[in-house]
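A short worksheet on the structure shown next.
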Amino acid sequence: MQYRQLGKTGFKVSEVSLGTWQLGGKWGTDFDEEKAEKTLHTAIDNGVNFIDTADVYKEGKSENVVGKVVKSRRKEVYVATKCGRRLDPHTSEAYTPESLREFIEDSLANTGLETLDLIQLHCPPTHVYYRPEIFEMFDKLKDQGKILNLGVSVEKVEEGMKAIEYPNVTSVQIIYNMFRQRPAELFFERANEKDVGIIVRVPLASGLLTGKFTRDTHFEPGDHRNFNRNGEAFDVGETFAGIDFEQGLEAVEKLRKIFPNYDNLAPVAIKWILMNKNVSCVIPGASKIEHVKSNISASELPSIPDEKMKQVDEIYEKYIKDSVHQKW
């Protein structure tokens with residue numbers, strides 16, 4: 001495992017870390033605590049030292065098992081969680097210092113930790129980024145020892161650009177992958193100038209970039225890849241990175257020709273992200289141990305040759321860019 005600096009947090013984090021949206025079971029299935037613990041231990045045993053969760057993942061169960069496992073390990077593991085998505089309705093007006101403070105107290109209770117290494121606003125409405133009082137509140141929590149760092153998880157590049165104007169924002173979590181390339185145009189450079197860490201989420205476009213899906217692939221009713229393809233429940237960019245499923249399958253077939261030696265494209269898709277030195281870490285999810293090991297293997301892959309990087313860009317330009325580039 002290789003390690004990179006997470007911006008001005010001072011943390012050296014595993015370049016392939018772990019996201020926990022589907023920890024302990026696939027999207028739409030019941031939470032399996034024993035499987036979740038094994039998945040987390042496997043990740044840590046293989047060098048992962050940064051785990052990203054959220055208070056809404058499995059109604060706090062994800063935070064609970066993450067905290068339990070981390071406290072049982074001698075090795076230092078950084079825990080990042082997120083807050084804000086529990087607000088109903090999820091509007092800018094609902095974001096108040098008081099409500100967020102309560103959420104953070106809940107996350108501390110769920111994890112059993114005395115201090116949160118990184119707390120992140122969880123894809124708030126765009127207007128929240130124009131409310132300084134929200135960001136100022138986190139300085140008070142830091143002074144009280146409740147948190148060490150503040151970050152944000154964003155849907156859009158524009159939100160990331162606004163967030164890094166606040167000096168106490170230490171990291172931005174953003175979607176970036178072979179099929180969502182816009183963040184690398186300008187945002188990564190601006191974040192690097194301000195020493196803000198970049199955490200890449202949805203690196204495999206909800207599994208699309210594993211190359212294992214076909215037109216006959218079935219997703220369970222509770223799986224967002226079934227019910228959110230048009231953004232019925234939340235931002236459509238979270239599902240297949242906003243790409244039409246069949247359009248994505250066509251592009252993946254072209255990727256297979258560039259990387260013919262990979263039955264599972266996941267490691268090379270993650271390696272493609274890591275080729276950008278502005279990226280601090282990637283947080284692919286995992287519902288079972290095999291996924292963890294596959295994702296982590298990306299750290300040991302050789303650099304992707306420039307010619308193949310160019311070919312990936314050409315596929316993006318031809319099949320993907322027009323439908324996603326300016327949306328996020």
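Each chain in the structure tokens gets a letter, A, B and so on, in the order shown; residues start at 1 in every chain, and ligands are counted from 1 in the order they appear.
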
Write out, as a Markdown table, each residue of region 296-318 of chain A that has an atom at most 12 Å from region 168-182 of chain A, together with the closest pair of atoms and their distance in Å to one decimal, counting only C-alpha atoms, rows going by chain and rising number.
```
| residue | atom | partner | partner_atom | distance |
| --- | --- | --- | --- | --- |
| A:Met309 | CA | A:Met178 | CA | 9.7 |
| A:Lys310 | CA | A:Met178 | CA | 11.3 |
| A:Gln311 | CA | A:Met178 | CA | 10.9 |
| A:Val312 | CA | A:Met178 | CA | 7.1 |
| A:Asp313 | CA | A:Met178 | CA | 7.8 |
| A:Glu314 | CA | A:Met178 | CA | 10.6 |
| A:Ile315 | CA | A:Phe179 | CA | 8.9 |
| A:Tyr316 | CA | A:Phe179 | CA | 6.1 |
| A:Glu317 | CA | A:Phe179 | CA | 9.4 |
| A:Lys318 | CA | A:Phe179 | CA | 11.0 |
```

Please run DSSP on the backbone and report, as a ChimeraX atom specification, all residues within region 62-287 of chain A that come out as strand (DSSP E).
/A:78-83,118-122,150-153,169-175,197-201,281-282

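The protein and nucleic acid residues lying at most 7 Å from Leu204 (chain A) are Asn177, Leu209, Thr210, Ala266 and Ala269 of chain A, with only C-alpha atoms considered and sequence neighbours fewer than 5 positions away removed.
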
May I have the residues from that selection written out with N, CA and C atoms, as a compact mmCIF listing (two decimals), in the first residue's frame?
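Result written to result-v8.txt:
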```txt
# COMPACT_ATOMS: atom_id res chain seq x y z
N ASN A 177 -13.86 9.69 -11.95
CA ASN A 177 -13.50 8.37 -12.49
C ASN A 177 -13.36 8.47 -14.01
N LEU A 209 -17.78 0.31 -13.85
CA LEU A 209 -16.41 0.23 -14.34
C LEU A 209 -15.68 -1.05 -13.91
N THR A 210 -16.39 -1.96 -13.25
CA THR A 210 -15.78 -3.27 -13.02
C THR A 210 -15.79 -4.09 -14.30
N ALA A 266 -11.90 -3.27 -12.20
CA ALA A 266 -11.88 -2.40 -11.02
C ALA A 266 -10.48 -1.92 -10.65
N ALA A 269 -9.27 0.66 -13.13
CA ALA A 269 -10.08 1.89 -13.05
C ALA A 269 -9.64 2.74 -11.85
```

Can you list, as JSON, numbers by chain, every protein, DNA or RNA residue that comes within 9 Å of Phe259 (chain A) when you count only C-alpha atoms, leaving out same-chain residues fewer than 6 positions away?
{"A": [265, 268, 308]}

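Residues lying within 9 Å of Met275 (chain A), counting only C-alpha atoms and ignoring same-chain neighbours fewer than 4 positions away, are Ile270, Lys271, Val279, Ser303 and Ile304 of chain A.
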
Write the residues of the selection above to a file with C-alpha atoms, as a CSV table (one decimal), in the first residue's frame.
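Now in result08.csv:
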```
chain,number,residue,atom,x,y,z
A,270,ILE,CA,-8.8,2.8,-9.6
A,271,LYS,CA,-5.2,3.0,-10.8
A,279,VAL,CA,-5.7,12.8,-5.6
A,303,SER,CA,1.6,3.1,-13.9
A,304,ILE,CA,-0.7,3.1,-16.9
```

At what distance in Å, to one decimal, does CA of Gln22 (chain A) lie from CA of Asp216 (chain A)?
22.1 Å

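Nearest to Ile164 (chain A) of all the residues A:Ile243, A:Phe138, A:Cys123, A:Asn192 is A:Asn192, based on only C-alpha atoms.
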
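The environment of Glu246 (chain A) within 9 Å, counting only C-alpha atoms and disregarding residues fewer than 5 places along the same chain, consists of Thr214, Arg215 and Ala251 of chain A.
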
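The neighbours of Val157 (chain A) here are the residues that come within 7 Å of it, using only C-alpha atoms and leaving out any residue fewer than 4 positions away in the same chain; they are A:Met161, A:Pro183, A:Phe187, A:Trp328.
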
Can you spit out the residues from that selection as an mmCIF file, in the first residue's frame, using C-alpha atoms?
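Result went into selection.cif, see below:
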```cif
data_model
loop_
_atom_site.group_PDB
_atom_site.id
_atom_site.type_symbol
_atom_site.label_atom_id
_atom_site.label_comp_id
_atom_site.auth_asym_id
_atom_site.auth_seq_id
_atom_site.Cartn_x
_atom_site.Cartn_y
_atom_site.Cartn_z
ATOM 1 C CA MET A 161 -14.657 25.540 -5.680
ATOM 2 C CA PRO A 183 -12.814 17.716 -11.624
ATOM 3 C CA PHE A 187 -10.684 22.025 -9.467
ATOM 4 C CA TRP A 328 -21.446 18.160 -12.367
#
```

Between A:Ser299, A:Thr239, A:Ser287, A:Asn110, which residue has the minimum interatomic distance to Gly47 (chain A), considering only C-alpha atoms?
A:Ser299

Hey, what does DSSP flag as alpha helix (DSSP H) within region 101-213 of chain A? Can you give it to me as a VMD selection string?
chain A and resid 101 to 111 132 to 143 157 to 163 187 to 193

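Between Ile289 (chain A) and the candidates A:Asp223, A:Glu37, A:Asp244, A:Glu136, the tightest atom-to-atom separation, counting only C-alpha atoms, involves A:Glu37.
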
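Ranking A:Val154, A:Thr9, A:Gln2, A:Ser62 by their shortest atom-to-atom distance to Glu33 (chain A), with only C-alpha atoms included, puts A:Ser62 first.
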